[in-house]
$ cat query-v6.cif   # mmCIF, C-alpha atoms and all ligand atoms
data_run
#
loop_
_atom_site.group_PDB
_atom_site.id
_atom_site.type_symbol
_atom_site.label_atom_id
_atom_site.label_comp_id
_atom_site.auth_asym_id
_atom_site.auth_seq_id
_atom_site.Cartn_x
_atom_site.Cartn_y
_atom_site.Cartn_z
ATOM 1 C CA MET A 125 68.315 -32.748 7.924
ATOM 2 C CA ARG A 126 68.827 -35.437 10.542
ATOM 3 C CA LEU A 127 72.025 -37.432 10.792
ATOM 4 C CA THR A 128 71.922 -40.744 12.665
ATOM 5 C CA ILE A 129 75.261 -42.314 13.485
ATOM 6 C CA LEU A 130 74.938 -46.100 13.332
ATOM 7 C CA GLY A 131 78.664 -46.749 13.855
ATOM 8 C CA CYS A 132 81.675 -44.449 14.112
ATOM 9 C CA HIS A 133 84.727 -46.524 15.060
ATOM 10 C CA SER A 134 87.698 -47.641 12.981
ATOM 11 C CA ALA A 135 88.995 -51.051 11.889
ATOM 12 C CA THR A 136 88.155 -53.557 14.672
ATOM 13 C CA PRO A 137 84.589 -53.667 16.028
ATOM 14 C CA ARG A 138 84.091 -54.200 19.778
ATOM 15 C CA ALA A 139 81.058 -55.288 21.783
ATOM 16 C CA ASP A 140 79.937 -51.677 22.091
ATOM 17 C CA LYS A 141 81.710 -50.049 19.135
ATOM 18 C CA ALA A 142 80.539 -50.432 15.543
ATOM 19 C CA GLN A 143 82.284 -49.518 12.306
ATOM 20 C CA THR A 144 81.359 -46.652 10.015
ATOM 21 C CA SER A 145 77.753 -46.350 8.914
ATOM 22 C CA GLN A 146 75.221 -43.540 9.092
ATOM 23 C CA ILE A 147 71.825 -42.453 7.812
ATOM 24 C CA LEU A 148 71.131 -38.962 6.517
ATOM 25 C CA SER A 149 67.405 -38.213 6.521
ATOM 26 C CA THR A 150 66.271 -35.324 4.335
ATOM 27 C CA THR A 151 62.841 -34.055 3.261
ATOM 28 C CA ASN A 152 62.240 -36.977 0.940
ATOM 29 C CA HIS A 153 65.100 -39.486 1.387
ATOM 30 C CA HIS A 154 66.981 -41.709 3.820
ATOM 31 C CA PHE A 155 70.525 -42.037 2.453
ATOM 32 C CA LEU A 156 72.755 -44.792 3.848
ATOM 33 C CA ILE A 157 76.400 -43.682 4.009
ATOM 34 C CA ASP A 158 78.994 -46.472 4.336
ATOM 35 C CA CYS A 159 78.015 -49.915 5.505
ATOM 36 C CA GLY A 160 80.443 -51.506 7.972
ATOM 37 C CA GLU A 161 79.833 -54.962 9.453
ATOM 38 C CA GLY A 162 76.605 -55.226 11.419
ATOM 39 C CA THR A 163 74.899 -52.270 9.733
ATOM 40 C CA GLN A 164 71.682 -54.299 9.380
ATOM 41 C CA VAL A 165 71.470 -54.809 13.139
ATOM 42 C CA LEU A 166 72.239 -51.135 13.756
ATOM 43 C CA LEU A 167 69.491 -50.122 11.308
ATOM 44 C CA ARG A 168 67.077 -52.274 13.309
ATOM 45 C CA LYS A 169 68.190 -50.653 16.554
ATOM 46 C CA ALA A 170 67.728 -47.191 15.013
ATOM 47 C CA LYS A 171 64.243 -48.290 13.866
ATOM 48 C CA THR A 172 64.979 -47.383 10.236
ATOM 49 C CA LYS A 173 62.600 -49.041 7.779
ATOM 50 C CA PHE A 174 64.708 -51.027 5.294
ATOM 51 C CA ALA A 175 62.347 -50.117 2.461
ATOM 52 C CA HIS A 176 63.186 -46.438 2.973
ATOM 53 C CA ILE A 177 66.759 -46.999 1.788
ATOM 54 C CA LYS A 178 67.017 -46.475 -1.947
ATOM 55 C CA HIS A 179 70.532 -45.046 -2.261
ATOM 56 C CA ILE A 180 73.732 -46.297 -0.596
ATOM 57 C CA PHE A 181 77.003 -44.362 -0.748
ATOM 58 C CA ILE A 182 80.256 -46.263 -0.088
ATOM 59 C CA SER A 183 83.354 -44.140 0.517
ATOM 60 C CA HIS A 184 86.003 -46.812 -0.151
ATOM 61 C CA LEU A 185 86.592 -50.524 -0.260
ATOM 62 C CA HIS A 186 88.234 -51.028 3.138
ATOM 63 C CA GLY A 187 86.262 -53.658 5.043
ATOM 64 C CA ASP A 188 85.242 -51.387 7.922
ATOM 65 C CA HIS A 189 83.248 -49.312 5.408
ATOM 66 C CA PHE A 190 81.496 -51.901 3.247
ATOM 67 C CA TYR A 191 81.621 -55.475 4.595
ATOM 68 C CA GLY A 192 78.024 -55.036 5.792
ATOM 69 C CA LEU A 193 76.785 -54.454 2.252
ATOM 70 C CA PRO A 194 76.482 -58.062 0.918
ATOM 71 C CA GLY A 195 74.377 -59.052 3.933
ATOM 72 C CA LEU A 196 72.125 -56.036 3.584
ATOM 73 C CA ILE A 197 71.596 -56.689 -0.143
ATOM 74 C CA SER A 198 70.693 -60.274 0.660
ATOM 75 C CA THR A 199 68.270 -59.263 3.431
ATOM 76 C CA PHE A 200 66.483 -56.868 1.074
ATOM 77 C CA ARG A 201 65.672 -59.885 -1.109
ATOM 78 C CA LEU A 202 64.479 -61.984 1.850
ATOM 79 C CA LEU A 203 62.175 -59.108 2.816
ATOM 80 C CA GLY A 204 60.626 -59.214 -0.664
ATOM 81 C CA ARG A 205 62.017 -55.924 -1.898
ATOM 82 C CA GLU A 206 60.986 -54.914 -5.418
ATOM 83 C CA ALA A 207 62.143 -51.287 -5.513
ATOM 84 C CA PRO A 208 65.453 -50.552 -7.246
ATOM 85 C CA LEU A 209 68.550 -50.050 -5.099
ATOM 86 C CA HIS A 210 71.303 -47.644 -6.190
ATOM 87 C CA ILE A 211 74.830 -48.189 -4.901
ATOM 88 C CA TYR A 212 77.499 -45.516 -5.424
ATOM 89 C CA GLY A 213 81.068 -46.580 -4.708
ATOM 90 C CA PRO A 214 84.586 -47.042 -6.069
ATOM 91 C CA LYS A 215 85.247 -48.961 -9.252
ATOM 92 C CA GLY A 216 85.373 -52.645 -8.308
ATOM 93 C CA ILE A 217 82.388 -52.605 -5.960
ATOM 94 C CA LYS A 218 80.137 -54.239 -8.551
ATOM 95 C CA GLU A 219 82.594 -57.103 -9.053
ATOM 96 C CA ALA A 220 83.026 -57.552 -5.278
ATOM 97 C CA ILE A 221 79.288 -57.839 -4.654
ATOM 98 C CA THR A 222 78.354 -59.870 -7.718
ATOM 99 C CA ILE A 223 81.055 -62.486 -7.091
ATOM 100 C CA LEU A 224 79.712 -63.016 -3.562
ATOM 101 C CA LEU A 225 76.153 -63.351 -4.868
ATOM 102 C CA LYS A 226 77.323 -65.755 -7.571
ATOM 103 C CA LEU A 227 79.396 -67.993 -5.264
ATOM 104 C CA SER A 228 76.508 -68.309 -2.830
ATOM 105 C CA ASP A 229 74.106 -69.041 -5.694
ATOM 106 C CA SER A 230 72.188 -65.984 -4.588
ATOM 107 C CA TRP A 231 70.402 -63.248 -6.491
ATOM 108 C CA THR A 232 68.173 -60.209 -6.065
ATOM 109 C CA ASN A 233 64.539 -59.935 -7.111
ATOM 110 C CA TYR A 234 64.893 -56.181 -7.355
ATOM 111 C CA PRO A 235 66.983 -54.072 -9.749
ATOM 112 C CA LEU A 236 70.465 -53.441 -8.350
ATOM 113 C CA HIS A 237 72.178 -50.456 -9.978
ATOM 114 C CA PHE A 238 75.878 -49.850 -9.403
ATOM 115 C CA HIS A 239 77.321 -46.386 -10.027
ATOM 116 C CA GLU A 240 81.073 -46.969 -10.046
ATOM 117 C CA LEU A 241 83.334 -44.017 -9.318
ATOM 118 C CA SER A 242 86.884 -43.305 -10.399
ATOM 119 C CA SER A 243 86.997 -39.527 -10.869
ATOM 120 C CA LYS A 244 89.413 -37.514 -8.763
ATOM 121 C CA VAL A 245 87.421 -34.280 -9.016
ATOM 122 C CA PRO A 246 84.105 -33.527 -7.283
ATOM 123 C CA THR A 247 81.366 -35.211 -9.293
ATOM 124 C CA LEU A 248 77.572 -34.908 -9.206
ATOM 125 C CA LEU A 249 76.107 -38.308 -8.251
ATOM 126 C CA PHE A 250 72.468 -37.586 -7.609
ATOM 127 C CA SER A 251 70.051 -34.730 -7.912
ATOM 128 C CA ASP A 252 66.316 -34.139 -7.662
ATOM 129 C CA GLU A 253 64.178 -31.076 -6.958
ATOM 130 C CA LYS A 254 65.244 -31.031 -3.281
ATOM 131 C CA ILE A 255 68.883 -32.124 -3.035
ATOM 132 C CA GLN A 256 72.188 -32.576 -4.856
ATOM 133 C CA ILE A 257 74.925 -35.033 -3.893
ATOM 134 C CA HIS A 258 78.557 -34.649 -4.988
ATOM 135 C CA THR A 259 81.700 -36.621 -4.230
ATOM 136 C CA ILE A 260 84.444 -35.111 -2.080
ATOM 137 C CA PRO A 261 87.660 -36.753 -3.339
ATOM 138 C CA LEU A 262 89.861 -37.671 -0.346
ATOM 139 C CA LYS A 263 93.449 -38.830 0.199
ATOM 140 C CA HIS A 264 93.701 -42.348 1.651
ATOM 141 C CA ARG A 265 95.569 -45.608 0.982
ATOM 142 C CA VAL A 266 92.952 -46.648 -1.572
ATOM 143 C CA TYR A 267 90.647 -44.585 -3.812
ATOM 144 C CA THR A 268 88.239 -42.818 -1.440
ATOM 145 C CA ASN A 269 85.444 -40.251 -1.618
ATOM 146 C CA GLY A 270 83.493 -38.319 0.961
ATOM 147 C CA PHE A 271 80.033 -37.103 0.026
ATOM 148 C CA LEU A 272 78.514 -33.628 0.068
ATOM 149 C CA PHE A 273 74.736 -33.365 0.464
ATOM 150 C CA THR A 274 73.392 -29.930 -0.554
ATOM 151 C CA GLU A 275 69.740 -29.055 -0.161
ATOM 152 C CA LEU A 276 68.356 -26.851 -2.903
ATOM 153 C CA SER A 277 66.501 -23.679 -1.963
ATOM 154 C CA LYS A 278 63.339 -24.536 -0.147
ATOM 155 C CA ASP A 279 59.764 -23.435 -0.815
ATOM 156 C CA ARG A 280 58.256 -20.389 0.879
ATOM 157 C CA LYS A 281 56.100 -21.310 3.876
ATOM 158 C CA ILE A 282 52.349 -20.818 3.503
ATOM 159 C CA ILE A 283 50.503 -18.782 6.168
ATOM 160 C CA PHE A 284 47.316 -20.832 6.059
ATOM 161 C CA ASP A 285 45.264 -18.341 8.129
ATOM 162 C CA ALA A 286 46.077 -15.572 5.635
ATOM 163 C CA VAL A 287 45.314 -17.813 2.664
ATOM 164 C CA GLN A 288 41.921 -18.627 4.181
ATOM 165 C CA LYS A 289 41.190 -15.013 5.121
ATOM 166 C CA HIS A 290 41.772 -13.819 1.544
ATOM 167 C CA GLY A 291 39.820 -16.740 0.084
ATOM 168 C CA ILE A 292 42.710 -17.952 -2.067
ATOM 169 C CA ASP A 293 41.917 -21.115 -4.017
ATOM 170 C CA VAL A 294 44.082 -24.164 -3.177
ATOM 171 C CA SER A 295 45.080 -24.445 -6.838
ATOM 172 C CA GLN A 296 47.386 -21.427 -6.231
ATOM 173 C CA ILE A 297 49.300 -22.931 -3.289
ATOM 174 C CA ASN A 298 52.154 -24.325 -5.374
ATOM 175 C CA ASN A 299 52.678 -20.969 -7.109
ATOM 176 C CA LEU A 300 52.678 -19.228 -3.720
ATOM 177 C CA LYS A 301 55.369 -21.622 -2.463
ATOM 178 C CA LYS A 302 57.498 -20.616 -5.450
ATOM 179 C CA GLY A 303 57.093 -16.885 -4.652
ATOM 180 C CA LYS A 304 54.330 -15.859 -7.050
ATOM 181 C CA ASP A 305 51.468 -13.527 -6.060
ATOM 182 C CA ALA A 306 47.907 -14.853 -5.788
ATOM 183 C CA THR A 307 44.518 -13.616 -6.997
ATOM 184 C CA ASP A 308 41.393 -13.653 -4.825
ATOM 185 C CA SER A 309 37.855 -14.582 -5.921
ATOM 186 C CA VAL A 310 37.087 -11.067 -7.245
ATOM 187 C CA GLY A 311 40.361 -10.767 -9.155
ATOM 188 C CA ARG A 312 42.391 -8.654 -6.698
ATOM 189 C CA VAL A 313 46.110 -9.428 -6.627
ATOM 190 C CA ILE A 314 47.336 -10.431 -3.137
ATOM 191 C CA PRO A 315 51.105 -10.014 -2.775
ATOM 192 C CA ASN A 316 53.053 -13.174 -1.988
ATOM 193 C CA LYS A 317 54.544 -11.620 1.177
ATOM 194 C CA THR A 318 51.043 -11.301 2.678
ATOM 195 C CA LEU A 319 50.478 -15.024 2.312
ATOM 196 C CA THR A 320 53.880 -16.650 2.906
ATOM 197 C CA LEU A 321 56.953 -16.560 5.123
ATOM 198 C CA ASP A 322 60.609 -16.897 4.088
ATOM 199 C CA PRO A 323 61.647 -20.541 3.605
ATOM 200 C CA ASP A 324 63.907 -22.434 6.017
ATOM 201 C CA ARG A 325 67.541 -22.082 5.022
ATOM 202 C CA ALA A 326 68.802 -24.884 2.743
ATOM 203 C CA LYS A 327 71.361 -27.034 4.572
ATOM 204 C CA LYS A 328 74.616 -28.697 3.632
ATOM 205 C CA TYR A 329 76.187 -31.872 5.116
ATOM 206 C CA ALA A 330 79.753 -32.975 4.393
ATOM 207 C CA PHE A 331 80.797 -36.557 5.183
ATOM 208 C CA CYS A 332 84.570 -36.994 5.098
ATOM 209 C CA SER A 333 85.504 -40.606 5.482
ATOM 210 C CA ASP A 334 89.036 -41.987 5.869
ATOM 211 C CA THR A 335 91.576 -39.415 4.782
ATOM 212 C CA ALA A 336 94.958 -37.957 5.514
ATOM 213 C CA TYR A 337 95.002 -34.234 6.331
ATOM 214 C CA PHE A 338 93.903 -32.928 2.930
ATOM 215 C CA PRO A 339 93.330 -29.154 2.665
ATOM 216 C CA GLU A 340 92.116 -29.521 -0.940
ATOM 217 C CA ILE A 341 88.689 -30.439 0.409
ATOM 218 C CA ILE A 342 88.273 -27.035 2.076
ATOM 219 C CA LYS A 343 86.921 -25.331 -1.035
ATOM 220 C CA VAL A 344 84.498 -28.206 -1.661
ATOM 221 C CA ILE A 345 82.940 -28.277 1.817
ATOM 222 C CA GLN A 346 83.034 -24.493 2.396
ATOM 223 C CA GLY A 347 80.285 -23.289 4.748
ATOM 224 C CA ALA A 348 78.767 -26.717 5.461
ATOM 225 C CA ASP A 349 76.293 -26.743 8.334
ATOM 226 C CA LEU A 350 77.750 -29.999 9.626
ATOM 227 C CA LEU A 351 81.077 -31.648 8.820
ATOM 228 C CA TYR A 352 81.703 -35.247 9.876
ATOM 229 C CA HIS A 353 85.455 -35.737 9.652
ATOM 230 C CA GLU A 354 87.474 -38.763 10.609
ATOM 231 C CA SER A 355 89.917 -38.404 13.504
ATOM 232 C CA THR A 356 91.502 -41.791 13.962
ATOM 233 C CA PHE A 357 94.320 -40.492 16.154
ATOM 234 C CA LEU A 358 95.273 -37.855 18.712
ATOM 235 C CA ASP A 359 98.375 -35.651 18.540
ATOM 236 C CA ASP A 360 100.486 -38.394 20.177
ATOM 237 C CA ASN A 361 100.186 -40.476 17.002
ATOM 238 C CA GLU A 362 100.536 -37.813 14.318
ATOM 239 C CA GLU A 363 103.372 -39.799 12.704
ATOM 240 C CA LEU A 364 101.164 -42.870 12.515
ATOM 241 C CA ALA A 365 98.351 -40.761 11.024
ATOM 242 C CA ILE A 366 100.690 -39.634 8.234
ATOM 243 C CA ARG A 367 101.890 -43.196 7.588
ATOM 244 C CA THR A 368 98.408 -44.736 7.476
ATOM 245 C CA LYS A 369 96.815 -41.754 5.675
ATOM 246 C CA HIS A 370 94.428 -40.918 8.481
ATOM 247 C CA SER A 371 93.838 -37.667 10.399
ATOM 248 C CA THR A 372 94.243 -36.456 13.962
ATOM 249 C CA ALA A 373 91.503 -34.609 15.834
ATOM 250 C CA LYS A 374 93.427 -31.359 15.517
ATOM 251 C CA GLN A 375 93.888 -31.787 11.758
ATOM 252 C CA ALA A 376 90.126 -32.336 11.375
ATOM 253 C CA ALA A 377 89.581 -29.143 13.380
ATOM 254 C CA ARG A 378 91.940 -27.196 11.086
ATOM 255 C CA ILE A 379 89.872 -28.312 8.091
ATOM 256 C CA ALA A 380 86.621 -27.285 9.871
ATOM 257 C CA LYS A 381 88.056 -23.867 10.754
ATOM 258 C CA SER A 382 89.424 -23.106 7.271
ATOM 259 C CA ALA A 383 86.175 -24.235 5.620
ATOM 260 C CA HIS A 384 84.080 -22.080 8.003
ATOM 261 C CA VAL A 385 81.721 -24.951 8.736
ATOM 262 C CA LYS A 386 79.172 -24.401 11.487
ATOM 263 C CA GLN A 387 79.729 -27.638 13.417
ATOM 264 C CA LEU A 388 82.327 -30.409 13.423
ATOM 265 C CA LEU A 389 81.512 -33.988 14.365
ATOM 266 C CA LEU A 390 84.469 -36.312 14.917
ATOM 267 C CA GLY A 391 84.453 -40.081 14.339
ATOM 268 C CA HIS A 392 86.438 -43.141 13.168
ATOM 269 C CA PHE A 393 88.299 -43.397 16.472
ATOM 270 C CA SER A 394 91.119 -45.899 16.867
ATOM 271 C CA SER A 395 90.273 -48.527 19.470
ATOM 272 C CA ARG A 396 93.616 -47.836 21.225
ATOM 273 C CA TYR A 397 92.014 -44.784 22.885
ATOM 274 C CA LYS A 398 89.831 -45.375 25.922
ATOM 275 C CA ASN A 399 88.973 -41.728 26.673
ATOM 276 C CA LEU A 400 87.276 -40.281 23.591
ATOM 277 C CA GLU A 401 86.741 -36.922 25.318
ATOM 278 C CA LEU A 402 90.386 -36.189 24.497
ATOM 279 C CA PHE A 403 89.439 -35.985 20.806
ATOM 280 C CA GLY A 404 87.024 -33.181 21.662
ATOM 281 C CA SER A 405 89.478 -31.269 23.821
ATOM 282 C CA GLU A 406 92.361 -31.442 21.317
ATOM 283 C CA ALA A 407 90.081 -30.360 18.445
ATOM 284 C CA ALA A 408 88.473 -27.563 20.496
ATOM 285 C CA GLU A 409 91.868 -25.835 20.802
ATOM 286 C CA VAL A 410 91.480 -25.072 17.071
ATOM 287 C CA PHE A 411 87.711 -25.196 16.444
ATOM 288 C CA PRO A 412 85.407 -24.844 19.473
ATOM 289 C CA ASN A 413 82.091 -26.053 18.026
ATOM 290 C CA VAL A 414 83.056 -29.720 17.996
ATOM 291 C CA ALA A 415 81.192 -32.850 19.105
ATOM 292 C CA ILE A 416 82.267 -36.463 19.507
ATOM 293 C CA ALA A 417 80.191 -39.016 17.612
ATOM 294 C CA HIS A 418 78.864 -42.093 19.372
ATOM 295 C CA ASP A 419 76.982 -45.054 17.992
ATOM 296 C CA GLY A 420 73.230 -44.435 17.956
ATOM 297 C CA MET A 421 73.363 -40.632 18.256
ATOM 298 C CA SER A 422 71.226 -38.319 16.114
ATOM 299 C CA ILE A 423 71.823 -34.692 15.204
ATOM 300 C CA ASP A 424 69.193 -32.386 13.735
ATOM 301 C CA PHE A 425 70.492 -29.408 11.834
HETATM 302 ZN ZN ZN B 1 88.123 -46.931 8.066
HETATM 303 ZN ZN ZN B 2 90.172 -46.905 5.157
#
$ encode --input "query-v6.cif" --output "structure tokens" --more "lines below"
Ligand SMILES: [Zn+2]
Ligand SMILES: [Zn+2]
Amino acid sequence: MRLTILGCHSATPRADKAQTSQILSTTNHHFLIDCGEGTQVLLRKAKTKFAHIKHIFISHLHGDHFYGLPGLISTFRLLGREAPLHIYGPKGIKEAITILLKLSDSWTNYPLHFHELSSKVPTLLFSDEKIQIHTIPLKHRVYTNGFLFTELSKDRKIIFDAVQKHGIDVSQINNLKKGKDATDSVGRVIPNKTLTLDPDRAKKYAFCSDTAYFPEIIKVIQGADLLYHESTFLDDNEELAIRTKHSTAKQAARIAKSAHVKQLLLGHFSSRYKNLELFGSEAAEVFPNVAIAHDGMSIDF
């Protein structure tokens, strides 16, 4: 998986700080997660092809997480999009978008499918042969979900030299990937292990958008390879974090530690802080494998 951070700052954008938006690239998808103002420009900068985006996940209806969506929907039409677009977000998102389209006498030439969410328990949103996506219900001032992306077990890797050496017909490749033995041209059975290697480990990404410290998510995100968790504040503003239902860097680290995730990535920083390194140092006291997000960064995992 590759995660590209388009924007990772809270509430007010600055010249060099964009609001929440990111792209998760998997074997066969580019998922857009949240869509703050200016996401279209950030997608251009990240050289993401607009046509690759077929599914958009919106955590909640605060402006810094979805005010970029109407513009993006409109641009898709101007670019001549025909492929369907699926939008997953809180109940009300369909009304918000359609009223804007209606008032501007606008429309889409492509099918726009809204999947409105209101459940407070983890819910399966999407699944195909490679990946499953569930909600991670969070605790914020409005109804909010994070999203958990879980790859399904991958295919075994073909050793092409061995396949050639044993004269295995290409029609058997798919069965080999699934772990079955093969048969050579004279009918001898060639064990799968001779022809394939173990698959890459399936990965798990947990995106936790705006939330108060909420230990209930620990069981949902258990063992994730990468956890993106908001950390709007440092310890000095823990009271404010409680009042506004946000988290501190240290609280995010406690979640990462209890959930035994492999890596923590912090984001959604309040613009009051000039030195973002402090987020890393406060979190590292609890959970050492922590990184600070910045706009435009990519992580492969
Ligand atoms: Zn926010
Ligand atoms: Zn919010």
$ residues_around --input "query-v6.cif" --residues "His210 in chain A" --least-positions-apart "5" --cutoff "8 Å" --atoms "only C-alpha atoms" --output "PyMOL selection string"
chain A and resi 178-180+236-239
$ residues_near_ligand --input "query-v6.cif" --ligand "ligand ZN 1 (chain B)" --cutoff "7 Å" --atoms "only C-alpha atoms and all ligand atoms" --output "list in words"
Ser134, Ala135, His186, Asp188, His189, Asp334 and His392 of chain A
$ closest_residue --input "query-v6.cif" --among "A:Ile221, A:Val313, A:Leu185, A:Ile423" --to "ligand ZN 2 (chain B)" --atoms "all atoms listed in the file"
A:Leu185
$ closest_residue --input "query-v6.cif" --among "A:Val294, A:Leu319, A:Ile182, A:Ile379" --to "ligand ZN 2 (chain B)" --atoms "all atoms listed in the file"
A:Ile182
$ resolve_selection --input "query-v6.cif" --expression "the PyMOL selection byres (((chain A and resi 271-282) around 7) and not hetatm)" --output "ChimeraX atom specification"
/A:254-260,269-270,283-284,301-303,319-324,326-332
$ closest_residue --input "query-v6.cif" --among "A:Glu354, A:Glu362, A:Asp305, A:Asp419" --to "ligand ZN 2 (chain B)" --atoms "all atoms listed in the file"
A:Glu354
$ closest_residue --input "query-v6.cif" --among "A:Leu166, A:Leu300, A:Val266, A:Ala306" --to "ligand ZN 2 (chain B)" --atoms "all atoms listed in the file"
A:Val266
$ residues_around --input "query-v6.cif" --residues "range 125-132 of chain A" --least-positions-apart "3" --cutoff "6 Å" --atoms "all atoms listed in the file" --output "MDAnalysis selection string"
chainID A and resid 142:150 166 391:392 419:425
$ build_atoms --input "query-v6.cif" --residues "range 373-396 of chain A" --atoms "N, CA and C atoms" --output "compact mmCIF listing (two decimals), keeping the file's coordinate frame"
# COMPACT_ATOMS: atom_id res chain seq x y z
N ALA A 373 92.63 -35.48 15.47
CA ALA A 373 91.50 -34.61 15.83
C ALA A 373 91.82 -33.15 15.49
N LYS A 374 93.05 -32.75 15.76
CA LYS A 374 93.43 -31.36 15.52
C LYS A 374 93.45 -31.04 14.01
N GLN A 375 93.89 -32.00 13.21
CA GLN A 375 93.89 -31.79 11.76
C GLN A 375 92.45 -31.63 11.24
N ALA A 376 91.54 -32.46 11.77
CA ALA A 376 90.13 -32.34 11.38
C ALA A 376 89.61 -30.95 11.75
N ALA A 377 90.02 -30.47 12.91
CA ALA A 377 89.58 -29.14 13.38
C ALA A 377 90.13 -28.04 12.48
N ARG A 378 91.36 -28.21 12.00
CA ARG A 378 91.94 -27.20 11.09
C ARG A 378 91.12 -27.12 9.79
N ILE A 379 90.71 -28.29 9.31
CA ILE A 379 89.87 -28.31 8.09
C ILE A 379 88.55 -27.58 8.36
N ALA A 380 87.92 -27.90 9.52
CA ALA A 380 86.62 -27.28 9.87
C ALA A 380 86.76 -25.77 9.95
N LYS A 381 87.85 -25.30 10.57
CA LYS A 381 88.06 -23.87 10.75
C LYS A 381 88.25 -23.18 9.39
N SER A 382 89.13 -23.74 8.57
CA SER A 382 89.42 -23.11 7.27
C SER A 382 88.20 -23.11 6.36
N ALA A 383 87.35 -24.13 6.50
CA ALA A 383 86.18 -24.24 5.62
C ALA A 383 84.98 -23.47 6.19
N HIS A 384 85.16 -22.85 7.37
CA HIS A 384 84.08 -22.08 8.00
C HIS A 384 82.80 -22.90 8.12
N VAL A 385 82.93 -24.15 8.52
CA VAL A 385 81.72 -24.95 8.74
C VAL A 385 81.10 -24.51 10.06
N LYS A 386 79.83 -24.85 10.25
CA LYS A 386 79.17 -24.40 11.49
C LYS A 386 79.45 -25.36 12.64
N GLN A 387 79.48 -26.67 12.34
CA GLN A 387 79.73 -27.64 13.42
C GLN A 387 80.58 -28.79 12.91
N LEU A 388 81.46 -29.28 13.76
CA LEU A 388 82.33 -30.41 13.42
C LEU A 388 81.93 -31.61 14.29
N LEU A 389 81.79 -32.75 13.64
CA LEU A 389 81.51 -33.99 14.36
C LEU A 389 82.65 -34.95 14.07
N LEU A 390 83.31 -35.43 15.11
CA LEU A 390 84.47 -36.31 14.92
C LEU A 390 84.07 -37.77 15.04
N GLY A 391 84.73 -38.64 14.26
CA GLY A 391 84.45 -40.08 14.34
C GLY A 391 85.64 -40.89 13.84
N HIS A 392 85.41 -42.21 13.64
CA HIS A 392 86.44 -43.14 13.17
C HIS A 392 87.61 -43.22 14.15
N PHE A 393 87.27 -43.38 15.43
CA PHE A 393 88.30 -43.40 16.47
C PHE A 393 89.03 -44.74 16.51
N SER A 394 90.34 -44.67 16.68
CA SER A 394 91.12 -45.90 16.87
C SER A 394 90.76 -46.52 18.21
N SER A 395 90.69 -47.85 18.23
CA SER A 395 90.27 -48.53 19.47
C SER A 395 91.37 -48.47 20.54
N ARG A 396 92.56 -47.93 20.21
CA ARG A 396 93.62 -47.84 21.22
C ARG A 396 93.27 -46.78 22.28
